[in-house]
$ cat input.cif   # mmCIF, C-alpha atoms and all ligand atoms
data_data
loop_
_atom_site.label_atom_id
_atom_site.label_comp_id
_atom_site.auth_asym_id
_atom_site.auth_seq_id
_atom_site.Cartn_x
_atom_site.Cartn_y
_atom_site.Cartn_z
CA MET A 1 -17.94 6.96 -3.81
CA ILE A 2 -16.19 6.32 -7.08
CA ASN A 3 -18.22 7.56 -10.04
CA ARG A 4 -17.56 5.32 -13.03
CA SER A 5 -19.74 7.36 -15.38
CA ALA A 6 -17.25 10.22 -15.02
CA ALA A 7 -13.99 10.32 -16.96
CA PRO A 8 -11.16 8.36 -15.34
CA HIS A 9 -8.53 10.37 -13.46
CA PHE A 10 -5.81 8.69 -15.52
CA ARG A 11 -5.00 5.46 -17.30
CA VAL A 12 -2.34 2.85 -16.78
CA ARG A 13 -1.81 1.98 -20.45
CA ASP A 14 -5.40 0.94 -21.30
CA ILE A 15 -6.69 0.56 -17.73
CA PRO A 16 -8.85 3.45 -16.51
CA ILE A 17 -8.28 4.53 -12.92
CA TYR A 18 -11.24 6.19 -11.25
CA GLY A 19 -10.07 8.18 -8.27
CA ASP A 20 -6.86 9.86 -7.21
CA LEU A 21 -6.17 8.27 -3.81
CA ILE A 22 -4.44 4.90 -3.54
CA LEU A 23 -3.54 2.75 -0.56
CA ALA A 24 0.26 2.21 -0.45
CA PRO A 25 1.57 -1.35 -0.50
CA MET A 26 2.59 -2.15 3.08
CA ASP A 27 4.08 -5.44 4.12
CA GLY A 28 2.10 -6.83 7.07
CA LEU A 29 -0.68 -4.25 6.67
CA SER A 30 -2.15 -4.11 3.16
CA ASP A 31 -3.51 -7.64 3.29
CA PHE A 32 -6.69 -8.75 1.53
CA PRO A 33 -9.13 -7.73 4.32
CA PHE A 34 -7.58 -4.27 4.79
CA ARG A 35 -7.27 -3.63 1.06
CA SER A 36 -10.90 -4.62 0.48
CA LEU A 37 -12.03 -2.30 3.24
CA VAL A 38 -10.01 0.65 2.01
CA ARG A 39 -11.09 0.03 -1.58
CA SER A 40 -14.72 0.25 -0.42
CA LEU A 41 -13.90 3.59 1.21
CA GLY A 42 -12.52 5.03 -2.02
CA SER A 43 -8.96 3.86 -2.73
CA ALA A 44 -8.80 3.79 -6.53
CA MET A 45 -6.79 0.58 -7.01
CA SER A 46 -5.23 -2.18 -4.91
CA TYR A 47 -1.49 -2.92 -4.53
CA THR A 48 -0.65 -6.15 -2.74
CA GLU A 49 2.05 -6.31 -0.09
CA PHE A 50 5.34 -6.95 -1.87
CA ILE A 51 5.84 -10.50 -3.09
CA ASN A 52 9.23 -12.17 -3.17
CA ALA A 53 9.82 -13.46 -6.72
CA ARG A 54 11.87 -16.31 -5.26
CA ASP A 55 8.83 -17.45 -3.25
CA VAL A 56 6.74 -17.46 -6.42
CA ASN A 57 9.36 -19.41 -8.34
CA THR A 58 9.82 -21.97 -5.57
CA LYS A 59 6.07 -22.18 -4.82
CA HIS A 60 6.50 -21.15 -1.18
CA PRO A 61 3.59 -22.70 0.79
CA HIS A 62 2.85 -19.49 2.73
CA LEU A 63 2.42 -17.35 -0.36
CA GLU A 64 -1.24 -18.08 -1.04
CA HIS A 65 -2.63 -15.45 1.37
CA ARG A 66 -0.50 -12.76 -0.23
CA LEU A 67 -1.78 -13.58 -3.71
CA THR A 68 -5.49 -13.72 -2.93
CA PHE A 69 -7.63 -10.86 -4.17
CA SER A 70 -11.24 -10.24 -5.11
CA GLU A 71 -12.84 -8.90 -8.27
CA ALA A 72 -14.06 -5.88 -6.29
CA GLU A 73 -10.45 -4.83 -5.80
CA ARG A 74 -9.67 -4.38 -9.48
CA PRO A 75 -7.52 -2.84 -10.79
CA LEU A 76 -5.29 -5.17 -8.78
CA VAL A 77 -1.52 -4.75 -8.75
CA TYR A 78 0.82 -7.57 -7.78
CA GLN A 79 3.99 -5.94 -6.49
CA ILE A 80 7.09 -8.13 -6.77
CA PHE A 81 10.72 -7.81 -5.71
CA ASP A 82 13.99 -9.46 -6.64
CA ASN A 83 17.44 -8.51 -7.95
CA ASP A 84 17.50 -10.75 -11.01
CA PRO A 85 15.71 -9.77 -14.26
CA ASP A 86 15.12 -13.38 -15.36
CA ASP A 87 13.77 -14.44 -11.97
CA LEU A 88 11.47 -11.42 -11.95
CA LEU A 89 10.23 -12.29 -15.43
CA LYS A 90 9.69 -15.93 -14.50
CA ALA A 91 7.72 -14.95 -11.40
CA ALA A 92 5.73 -12.30 -13.27
CA LEU A 93 4.72 -14.85 -15.92
CA LYS A 94 3.51 -17.23 -13.22
CA LEU A 95 1.64 -14.46 -11.43
CA GLN A 96 0.04 -13.29 -14.65
CA LEU A 97 -1.84 -16.61 -14.80
CA ARG A 98 -3.80 -15.40 -11.77
CA ARG A 99 -5.09 -12.47 -13.81
CA PRO A 100 -3.87 -9.39 -11.96
CA ASP A 101 -4.36 -6.13 -13.86
CA ILE A 102 -0.81 -4.85 -13.39
CA ILE A 103 2.62 -6.11 -12.27
CA ASP A 104 4.68 -3.60 -10.26
CA ILE A 105 8.40 -3.73 -9.48
CA ASN A 106 9.45 -2.71 -5.97
CA MET A 107 12.50 -0.44 -6.10
CA GLY A 108 11.95 1.18 -2.72
CA CYS A 109 12.30 -1.34 0.08
CA PRO A 110 15.13 -0.20 2.41
CA ASP A 111 15.16 -3.34 4.55
CA LYS A 112 18.65 -4.89 4.68
CA SER A 113 17.33 -8.36 3.93
CA VAL A 114 15.95 -6.99 0.63
CA CYS A 115 18.21 -4.14 -0.52
CA GLY A 116 21.28 -5.97 0.82
CA ARG A 117 20.87 -8.45 -2.02
CA GLY A 118 20.30 -5.74 -4.60
CA ALA A 119 16.50 -5.93 -4.62
CA GLY A 120 14.08 -3.17 -3.50
CA VAL A 121 15.90 0.17 -3.40
CA GLY A 122 19.11 -1.78 -4.06
CA LEU A 123 18.02 -1.86 -7.71
CA MET A 124 18.33 1.93 -7.90
CA THR A 125 22.11 1.54 -7.68
CA GLU A 126 21.98 -0.43 -10.96
CA PRO A 127 20.01 1.61 -13.50
CA LEU A 128 21.08 -0.68 -16.37
CA LYS A 129 19.52 -3.61 -14.61
CA ILE A 130 16.31 -1.62 -14.16
CA ALA A 131 16.35 -0.99 -17.93
CA GLU A 132 16.72 -4.73 -18.55
CA ILE A 133 13.92 -5.62 -16.13
CA PHE A 134 11.42 -3.17 -17.63
CA SER A 135 12.37 -3.98 -21.18
CA LYS A 136 12.05 -7.75 -20.63
CA LEU A 137 8.85 -7.64 -18.63
CA SER A 138 7.02 -5.07 -20.71
CA LYS A 139 7.84 -6.90 -23.96
CA THR A 140 6.81 -10.30 -22.60
CA LEU A 141 3.84 -9.72 -20.30
CA ASP A 142 0.30 -8.96 -21.42
CA VAL A 143 -0.40 -6.74 -18.42
CA PRO A 144 1.19 -3.30 -17.93
CA VAL A 145 4.41 -3.15 -15.91
CA THR A 146 4.83 -0.33 -13.40
CA GLY A 147 7.36 0.71 -10.76
CA LYS A 148 7.65 2.20 -7.31
CA ILE A 149 10.89 4.00 -6.43
CA ARG A 150 12.52 6.08 -3.73
CA LEU A 151 14.74 9.06 -4.55
CA GLY A 152 17.92 6.97 -4.54
CA TRP A 153 20.36 5.25 -2.22
CA ASP A 154 21.51 8.22 -0.14
CA ALA A 155 21.91 12.02 -0.21
CA ASP A 156 24.87 11.73 -2.62
CA ASN A 157 23.07 9.35 -4.97
CA ARG A 158 19.64 10.81 -5.64
CA ASN A 159 19.29 9.35 -9.14
CA TYR A 160 15.49 9.33 -9.25
CA LEU A 161 15.27 11.31 -12.48
CA GLU A 162 17.64 8.99 -14.33
CA VAL A 163 15.80 5.92 -13.05
CA ALA A 164 12.36 7.41 -13.78
CA ARG A 165 13.34 8.14 -17.39
CA ILE A 166 14.81 4.65 -17.80
CA ILE A 167 11.58 3.09 -16.55
CA GLU A 168 9.49 5.09 -19.01
CA GLU A 169 11.87 4.48 -21.93
CA ASN A 170 11.75 0.74 -21.29
CA GLY A 171 8.00 0.35 -21.24
CA GLY A 172 6.99 1.25 -17.67
CA GLN A 173 3.40 2.51 -17.66
CA LEU A 174 3.13 4.19 -14.24
CA LEU A 175 5.58 5.32 -11.59
CA ALA A 176 4.97 5.79 -7.87
CA VAL A 177 7.59 7.93 -6.15
CA HIS A 178 8.21 7.88 -2.40
CA GLY A 179 10.07 11.12 -1.74
CA ARG A 180 12.87 9.71 0.41
CA THR A 181 16.22 7.98 -0.10
CA ARG A 182 17.11 4.60 1.38
CA GLN A 183 19.30 6.40 3.91
CA GLN A 184 16.31 8.36 5.21
CA GLY A 185 14.28 5.25 5.94
CA TYR A 186 10.99 6.69 7.14
CA GLY A 187 12.58 9.68 8.93
CA GLY A 188 12.91 13.32 7.95
CA ASN A 189 10.51 14.82 5.46
CA ALA A 190 9.50 13.44 2.07
CA ASP A 191 10.83 15.71 -0.69
CA TRP A 192 7.83 16.72 -2.75
CA ASP A 193 9.98 18.96 -5.01
CA ALA A 194 11.66 15.78 -6.29
CA ILE A 195 8.26 14.22 -7.04
CA ALA A 196 7.33 17.37 -8.98
CA GLU A 197 10.56 17.01 -11.01
CA VAL A 198 9.67 13.43 -11.92
CA LYS A 199 6.14 14.43 -12.88
CA SER A 200 7.41 17.14 -15.25
CA ALA A 201 10.00 14.82 -16.79
CA LEU A 202 7.66 11.91 -17.63
CA SER A 203 4.65 11.39 -19.87
CA ILE A 204 3.35 8.31 -18.03
CA PRO A 205 1.24 8.91 -14.90
CA VAL A 206 3.10 9.61 -11.66
CA ILE A 207 1.84 8.84 -8.16
CA GLY A 208 3.17 11.04 -5.36
CA ASN A 209 3.90 9.38 -2.03
CA GLY A 210 5.25 10.35 1.36
CA ASP A 211 3.94 12.13 4.45
CA VAL A 212 0.32 12.58 3.40
CA ARG A 213 -1.43 12.52 6.77
CA THR A 214 -4.52 14.69 6.39
CA VAL A 215 -7.08 15.66 3.79
CA ALA A 216 -5.35 19.04 3.50
CA ASP A 217 -2.07 17.20 2.71
CA ILE A 218 -3.78 15.48 -0.24
CA ASP A 219 -4.52 18.82 -1.87
CA ARG A 220 -1.09 20.18 -0.92
CA ILE A 221 0.88 17.33 -2.52
CA LYS A 222 -1.28 17.45 -5.65
CA THR A 223 -0.77 21.18 -6.07
CA HIS A 224 2.91 20.97 -5.20
CA THR A 225 3.80 18.11 -7.51
CA GLY A 226 1.09 17.97 -10.18
CA CYS A 227 0.99 14.19 -9.60
CA ASN A 228 -1.87 12.16 -11.12
CA ALA A 229 -2.67 10.43 -7.85
CA VAL A 230 -1.62 10.31 -4.22
CA MET A 231 -0.49 7.18 -2.43
CA ILE A 232 -1.14 7.00 1.31
CA GLY A 233 0.59 4.54 3.63
CA ARG A 234 1.00 4.98 7.36
CA ALA A 235 -1.81 7.51 7.79
CA ALA A 236 -4.26 5.03 6.25
CA PHE A 237 -3.42 2.55 8.99
CA SER A 238 -4.73 4.99 11.63
CA ASN A 239 -7.38 6.60 9.49
CA PRO A 240 -8.67 4.47 6.58
CA TRP A 241 -11.46 7.06 6.18
CA ILE A 242 -8.87 9.37 4.62
CA PHE A 243 -9.93 7.68 1.35
CA LYS A 244 -13.36 9.24 1.89
CA ARG A 245 -11.51 12.51 2.38
CA MET A 246 -12.30 12.55 6.11
CA ASP A 247 -9.84 13.37 8.84
CA ARG A 248 -10.01 11.09 11.85
CA HIS A 249 -11.87 13.59 14.09
CA GLU A 250 -14.68 13.74 11.51
CA VAL A 251 -15.44 10.02 11.82
CA SER A 252 -18.32 9.09 14.13
CA PRO A 253 -18.06 6.27 16.73
CA GLU A 254 -20.88 4.50 14.85
CA GLU A 255 -18.80 4.49 11.67
CA VAL A 256 -15.75 3.15 13.56
CA ARG A 257 -17.93 0.34 14.92
CA ARG A 258 -19.37 -0.43 11.48
CA LEU A 259 -15.98 -0.57 9.84
CA VAL A 260 -14.40 -2.72 12.55
CA GLY A 261 -17.36 -5.11 12.26
CA VAL A 262 -16.85 -5.47 8.51
CA GLN A 263 -13.06 -5.84 8.76
CA LEU A 264 -13.31 -8.37 11.59
CA ARG A 265 -15.76 -10.49 9.61
CA THR A 266 -13.52 -10.45 6.50
CA SER A 267 -10.44 -11.10 8.60
CA ILE A 268 -12.01 -14.11 10.32
CA ASP A 269 -13.32 -15.48 7.01
CA PHE A 270 -9.87 -15.08 5.50
CA TYR A 271 -7.55 -16.19 8.32
CA GLY A 272 -9.84 -18.24 10.55
CA GLN A 273 -11.26 -17.10 13.91
CA GLU A 274 -8.15 -17.18 16.06
CA HIS A 275 -5.67 -15.60 13.67
CA GLY A 276 -8.29 -13.27 12.17
CA LEU A 277 -8.90 -11.70 15.58
CA VAL A 278 -5.18 -11.46 16.37
CA ILE A 279 -4.60 -9.63 13.07
CA MET A 280 -7.42 -7.16 13.87
CA ARG A 281 -5.81 -6.01 17.10
CA LYS A 282 -3.13 -3.86 15.49
CA TYR A 283 -5.68 -2.05 13.33
CA VAL A 284 -8.18 -1.44 16.12
CA ASN A 285 -5.39 -0.18 18.36
CA ARG A 286 -4.72 2.48 15.72
CA TYR A 287 -8.38 3.31 15.02
CA LEU A 288 -8.83 3.98 18.74
CA GLN A 289 -5.83 6.31 19.06
CA PRO A 290 -8.00 9.39 19.69
CA TYR A 291 -9.43 7.77 22.86
CA GLU A 292 -6.07 7.75 24.70
CA LEU A 293 -7.04 4.48 26.39
CA THR A 294 -5.61 3.53 29.76
CA ARG A 295 -3.75 0.24 30.03
CA GLU A 296 -6.65 -1.20 32.07
CA ILE A 297 -9.02 -0.72 29.15
CA ARG A 298 -6.65 -1.33 26.23
CA VAL A 299 -5.01 -4.57 27.36
CA PRO A 300 -8.23 -6.60 27.90
CA LEU A 301 -9.50 -5.44 24.48
CA LEU A 302 -6.29 -6.34 22.70
CA THR A 303 -5.77 -9.69 24.37
CA CYS A 304 -9.35 -10.91 24.23
CA GLU A 305 -9.74 -14.12 22.23
CA ASP A 306 -13.47 -14.11 21.54
CA PRO A 307 -14.83 -11.93 18.70
CA VAL A 308 -18.14 -11.25 20.48
CA GLU A 309 -16.34 -10.16 23.65
CA PHE A 310 -13.96 -8.08 21.52
CA LEU A 311 -16.86 -6.18 19.92
CA ARG A 312 -18.59 -5.74 23.30
CA ARG A 313 -15.45 -4.15 24.74
CA LEU A 314 -15.12 -2.00 21.64
CA ASP A 315 -18.74 -0.79 22.02
CA GLU A 316 -18.03 0.24 25.61
CA ILE A 317 -15.03 2.26 24.53
CA LEU A 318 -16.87 3.91 21.66
CA GLN A 319 -19.58 5.10 24.05
CA GLN A 320 -17.02 7.24 25.85
CA PRO A 321 -16.73 10.83 24.70
CA VAL A 322 -13.76 11.34 22.40
CA PRO A 323 -11.24 13.70 23.99
CA ALA A 324 -11.01 17.03 22.15
CA PHE A 325 -8.41 17.04 19.38
C1 LIG B 1 4.99 -1.25 7.58
C2 LIG B 1 5.34 -0.81 6.19
C3 LIG B 1 5.44 -1.75 5.17
C4 LIG B 1 5.74 -1.34 3.86
N1 LIG B 1 5.79 -2.29 2.86
C5 LIG B 1 5.95 -1.87 1.57
C6 LIG B 1 5.84 -2.81 0.48
O1 LIG B 1 5.57 -4.00 0.65
N2 LIG B 1 6.03 -2.33 -0.78
C7 LIG B 1 6.31 -1.00 -1.03
O2 LIG B 1 6.47 -0.60 -2.19
N3 LIG B 1 6.41 -0.12 -0.02
C8 LIG B 1 6.21 -0.51 1.25
N4 LIG B 1 6.22 0.42 2.26
C9 LIG B 1 6.38 1.85 1.93
C10 LIG B 1 5.02 2.52 1.69
O3 LIG B 1 4.39 1.96 0.55
C11 LIG B 1 5.19 4.05 1.48
O4 LIG B 1 6.01 4.24 0.37
C12 LIG B 1 5.81 4.73 2.69
O5 LIG B 1 5.22 4.30 3.90
C13 LIG B 1 5.67 6.26 2.58
O6 LIG B 1 4.32 6.65 2.53
P1 LIG B 1 3.57 7.25 3.85
O7 LIG B 1 4.37 8.46 4.31
O8 LIG B 1 2.20 7.62 3.36
O9 LIG B 1 3.57 6.19 4.90
C14 LIG B 1 5.96 0.03 3.57
C15 LIG B 1 5.85 0.97 4.61
C16 LIG B 1 5.54 0.57 5.89
C17 LIG B 1 5.41 1.62 6.97
#
$ encode --input "input.cif" --output "structure tokens" --more "lines below"
Ligand SMILES: Cc1cc2nc3c(=O)[nH]c(=O)nc-3n(C[C@H](O)[C@H](O)[C@H](O)COP(=O)(O)O)c2cc1C
Amino acid sequence: MINRSAAPHFRVRDIPIYGDLILAPMDGLSDFPFRSLVRSLGSAMSYTEFINARDVNTKHPHLEHRLTFSEAERPLVYQIFDNDPDDLLKAALKLQLRRPDIIDINMGCPDKSVCGRGAGVGLMTEPLKIAEIFSKLSKTLDVPVTGKIRLGWDADNRNYLEVARIIEENGGQLLAVHGRTRQQGYGGNADWDAIAEVKSALSIPVIGNGDVRTVADIDRIKTHTGCNAVMIGRAAFSNPWIFKRMDRHEVSPEEVRRLVGVQLRTSIDFYGQEHGLVIMRKYVNRYLQPYELTREIRVPLLTCEDPVEFLRRLDEILQQPVPAF
């Protein structure tokens, strides 16, 4: 559990951060119910899924779910993306009215629909624009402005150090670095040497991100890079208990059942019964990976439409012995 009487691990400007593990923003995964759950397990702060500044500025009707957060999640980071400094500022000013603790600029998304229009990692090809964005936002907003980058566009354009320095010089208060280029997507290995370079070059806190899958990896990336905190994405989807510094094989069936119960309740409260259960399926499918379920057992669980029946089927599965790892 997070001990608030101890000194914070680091600060984002004046905001103390207690803990050194942070759930990565993940579109379609780090929604309010999952974030709340993971925060209760020990993630030190909450990043929302990325938010399209255009949707904020045009008051897109489907945005509300993405913007909802609870007090228990604080410090809460709204992560936004766009290619236009003025549109980003306009959106950030609107979002600030909802009292997030931090506004973060996404400079890492490799999806064509985002980087194709110069947003996400597309911004890394325009360092002057990044300077303008950070300068404008940090001078105008009350909350700290932070960034999340990749290493650059491709192997020939790994300009992470230049971009990192620009972000700091223009008022950025924290930088998360995913150790891959756009070209790498999610393949190959994250380059932790590059994260170490960024950490030594900056005075603001740096979060290391990429390929942390086990508790041992947490210590390895910290030692390798000297980063202030570690951001965990895909591994958290299969093993949210990593925020308690537990590998999946250390988690008891009773704890899996408890956690699914809590997440299902929050999910149903948040999305309504039908959609809340549908959303839960992808998580539970991952939490049950160690059981190597046959189709005959998995399909009825993941197509069932009644929460009580869903939990009954889950209980049956959890009574089976877990195959040896
Ligand atoms: C499904 C999915 C959605 C993602 N959405 C976002 C996002 O909205 N914002 C962001 O900055 N990064 C996003 N990412 C990238 C992650 O935050 C993280 O940088 C990446 O997964 C590497 O960390 P990992 O190796 O721990 O997964 C996403 C990644 C995945 C797999």
$ residues_near_ligand --input "input.cif" --ligand "ligand LIG 1 (chain B)" --cutoff "8 Å" --atoms "all atoms listed in the file" --output "PyMOL selection string"
chain A and resi 24-29+48-51+79+106-109+148-150+177-179+186+190+209-213+231-236
$ residues_near_point --input "input.cif" --point "(-1.7, -4.8, -4.9)" --cutoff "12 Å" --atoms "all atoms listed in the file" --output "VMD selection string"
chain A and resid 22 to 27 29 to 32 34 to 36 39 43 to 51 66 to 70 73 to 80 100 to 106 146 148
$ atom_distance --input "input.cif" --atom1 "atom CA of A:Gly208" --atom2 "atom CA of A:Ile221"
7.3 Å
$ atom_distance --input "input.cif" --atom1 "atom CA of A:Pro8" --atom2 "atom CA of A:Ala229"
11.5 Å
$ residues_around --input "input.cif" --residues "A:Ala216" --least-positions-apart "5" --cutoff "10 Å" --atoms "all atoms listed in the file" --output "mmCIF file with C-alpha atoms, keeping the file's coordinate frame"
data_model
loop_
_atom_site.group_PDB
_atom_site.id
_atom_site.type_symbol
_atom_site.label_atom_id
_atom_site.label_comp_id
_atom_site.auth_asym_id
_atom_site.auth_seq_id
_atom_site.Cartn_x
_atom_site.Cartn_y
_atom_site.Cartn_z
ATOM 1 C CA ILE A 221 0.880 17.330 -2.520
ATOM 2 C CA ARG A 245 -11.510 12.510 2.380
ATOM 3 C CA MET A 246 -12.300 12.550 6.110
ATOM 4 C CA ASP A 247 -9.840 13.370 8.840
#
$ closest_residue --input "input.cif" --among "A:Cys115, A:Val260, A:Ala6, A:Met124" --to "A:Asn285" --atoms "all atoms listed in the file"
A:Val260
$ build_atoms --input "input.cif" --residues "stretch 245-267 of chain A" --atoms "N, CA, C and O atoms" --output "PDB file, in the frame of the given file"
ATOM      1  N   ARG A 245     -11.900  11.116   2.114  1.00  0.00           N
ATOM      2  CA  ARG A 245     -11.510  12.510   2.380  1.00  0.00           C
ATOM      3  C   ARG A 245     -12.097  12.988   3.709  1.00  0.00           C
ATOM      4  O   ARG A 245     -12.671  14.073   3.813  1.00  0.00           O
ATOM      5  N   MET A 246     -11.906  12.151   4.735  1.00  0.00           N
ATOM      6  CA  MET A 246     -12.300  12.550   6.110  1.00  0.00           C
ATOM      7  C   MET A 246     -11.090  12.453   7.009  1.00  0.00           C
ATOM      8  O   MET A 246     -10.368  11.442   6.976  1.00  0.00           O
ATOM      9  N   ASP A 247     -10.857  13.481   7.805  1.00  0.00           N
ATOM     10  CA  ASP A 247      -9.840  13.370   8.840  1.00  0.00           C
ATOM     11  C   ASP A 247     -10.432  12.585  10.005  1.00  0.00           C
ATOM     12  O   ASP A 247     -11.655  12.481  10.143  1.00  0.00           O
ATOM     13  N   ARG A 248      -9.552  12.031  10.832  1.00  0.00           N
ATOM     14  CA  ARG A 248     -10.010  11.090  11.850  1.00  0.00           C
ATOM     15  C   ARG A 248     -11.069  11.707  12.778  1.00  0.00           C
ATOM     16  O   ARG A 248     -12.027  11.035  13.164  1.00  0.00           O
ATOM     17  N   HIS A 249     -10.924  12.985  13.145  1.00  0.00           N
ATOM     18  CA  HIS A 249     -11.870  13.590  14.090  1.00  0.00           C
ATOM     19  C   HIS A 249     -13.259  13.783  13.477  1.00  0.00           C
ATOM     20  O   HIS A 249     -14.219  14.049  14.192  1.00  0.00           O
ATOM     21  N   GLU A 250     -13.364  13.596  12.154  1.00  0.00           N
ATOM     22  CA  GLU A 250     -14.680  13.740  11.510  1.00  0.00           C
ATOM     23  C   GLU A 250     -15.451  12.423  11.466  1.00  0.00           C
ATOM     24  O   GLU A 250     -16.589  12.381  10.998  1.00  0.00           O
ATOM     25  N   VAL A 251     -14.821  11.355  11.935  1.00  0.00           N
ATOM     26  CA  VAL A 251     -15.440  10.020  11.820  1.00  0.00           C
ATOM     27  C   VAL A 251     -16.213   9.714  13.104  1.00  0.00           C
ATOM     28  O   VAL A 251     -15.663   9.814  14.206  1.00  0.00           O
ATOM     29  N   SER A 252     -17.477   9.336  12.955  1.00  0.00           N
ATOM     30  CA  SER A 252     -18.320   9.090  14.130  1.00  0.00           C
ATOM     31  C   SER A 252     -17.973   7.741  14.772  1.00  0.00           C
ATOM     32  O   SER A 252     -17.495   6.824  14.081  1.00  0.00           O
ATOM     33  N   PRO A 253     -18.259   7.576  16.077  1.00  0.00           N
ATOM     34  CA  PRO A 253     -18.060   6.270  16.730  1.00  0.00           C
ATOM     35  C   PRO A 253     -18.856   5.171  16.033  1.00  0.00           C
ATOM     36  O   PRO A 253     -18.397   4.043  15.932  1.00  0.00           O
ATOM     37  N   GLU A 254     -20.045   5.508  15.530  1.00  0.00           N
ATOM     38  CA  GLU A 254     -20.880   4.500  14.850  1.00  0.00           C
ATOM     39  C   GLU A 254     -20.172   3.993  13.600  1.00  0.00           C
ATOM     40  O   GLU A 254     -20.225   2.809  13.278  1.00  0.00           O
ATOM     41  N   GLU A 255     -19.514   4.886  12.886  1.00  0.00           N
ATOM     42  CA  GLU A 255     -18.800   4.490  11.670  1.00  0.00           C
ATOM     43  C   GLU A 255     -17.569   3.629  12.031  1.00  0.00           C
ATOM     44  O   GLU A 255     -17.261   2.660  11.340  1.00  0.00           O
ATOM     45  N   VAL A 256     -16.903   3.966  13.121  1.00  0.00           N
ATOM     46  CA  VAL A 256     -15.750   3.150  13.560  1.00  0.00           C
ATOM     47  C   VAL A 256     -16.253   1.738  13.853  1.00  0.00           C
ATOM     48  O   VAL A 256     -15.667   0.745  13.407  1.00  0.00           O
ATOM     49  N   ARG A 257     -17.371   1.644  14.556  1.00  0.00           N
ATOM     50  CA  ARG A 257     -17.930   0.340  14.920  1.00  0.00           C
ATOM     51  C   ARG A 257     -18.323  -0.450  13.671  1.00  0.00           C
ATOM     52  O   ARG A 257     -18.069  -1.643  13.562  1.00  0.00           O
ATOM     53  N   ARG A 258     -18.947   0.235  12.718  1.00  0.00           N
ATOM     54  CA  ARG A 258     -19.370  -0.430  11.480  1.00  0.00           C
ATOM     55  C   ARG A 258     -18.166  -1.001  10.740  1.00  0.00           C
ATOM     56  O   ARG A 258     -18.129  -2.162  10.346  1.00  0.00           O
ATOM     57  N   LEU A 259     -17.151  -0.157  10.622  1.00  0.00           N
ATOM     58  CA  LEU A 259     -15.980  -0.570   9.840  1.00  0.00           C
ATOM     59  C   LEU A 259     -15.230  -1.718  10.522  1.00  0.00           C
ATOM     60  O   LEU A 259     -14.826  -2.683   9.870  1.00  0.00           O
ATOM     61  N   VAL A 260     -15.088  -1.631  11.853  1.00  0.00           N
ATOM     62  CA  VAL A 260     -14.400  -2.720  12.550  1.00  0.00           C
ATOM     63  C   VAL A 260     -15.189  -4.020  12.383  1.00  0.00           C
ATOM     64  O   VAL A 260     -14.607  -5.088  12.161  1.00  0.00           O
ATOM     65  N   GLY A 261     -16.515  -3.918  12.446  1.00  0.00           N
ATOM     66  CA  GLY A 261     -17.360  -5.110  12.260  1.00  0.00           C
ATOM     67  C   GLY A 261     -17.106  -5.763  10.901  1.00  0.00           C
ATOM     68  O   GLY A 261     -16.926  -6.975  10.801  1.00  0.00           O
ATOM     69  N   VAL A 262     -17.062  -4.939   9.867  1.00  0.00           N
ATOM     70  CA  VAL A 262     -16.850  -5.470   8.510  1.00  0.00           C
ATOM     71  C   VAL A 262     -15.449  -6.078   8.404  1.00  0.00           C
ATOM     72  O   VAL A 262     -15.258  -7.192   7.891  1.00  0.00           O
ATOM     73  N   GLN A 263     -14.455  -5.354   8.902  1.00  0.00           N
ATOM     74  CA  GLN A 263     -13.060  -5.840   8.760  1.00  0.00           C
ATOM     75  C   GLN A 263     -12.847  -7.120   9.572  1.00  0.00           C
ATOM     76  O   GLN A 263     -12.164  -8.045   9.121  1.00  0.00           O
ATOM     77  N   LEU A 264     -13.464  -7.170  10.755  1.00  0.00           N
ATOM     78  CA  LEU A 264     -13.310  -8.370  11.590  1.00  0.00           C
ATOM     79  C   LEU A 264     -13.928  -9.584  10.889  1.00  0.00           C
ATOM     80  O   LEU A 264     -13.334 -10.669  10.861  1.00  0.00           O
ATOM     81  N   ARG A 265     -15.099  -9.388  10.300  1.00  0.00           N
ATOM     82  CA  ARG A 265     -15.760 -10.490   9.610  1.00  0.00           C
ATOM     83  C   ARG A 265     -14.890 -10.999   8.444  1.00  0.00           C
ATOM     84  O   ARG A 265     -14.626 -12.177   8.294  1.00  0.00           O
ATOM     85  N   THR A 266     -14.361 -10.051   7.649  1.00  0.00           N
ATOM     86  CA  THR A 266     -13.520 -10.450   6.500  1.00  0.00           C
ATOM     87  C   THR A 266     -12.247 -11.118   6.990  1.00  0.00           C
ATOM     88  O   THR A 266     -11.771 -12.095   6.417  1.00  0.00           O
ATOM     89  N   SER A 267     -11.693 -10.574   8.062  1.00  0.00           N
ATOM     90  CA  SER A 267     -10.440 -11.100   8.600  1.00  0.00           C
ATOM     91  C   SER A 267     -10.612 -12.533   9.112  1.00  0.00           C
ATOM     92  O   SER A 267      -9.780 -13.413   8.867  1.00  0.00           O
TER      93      SER A 267
END
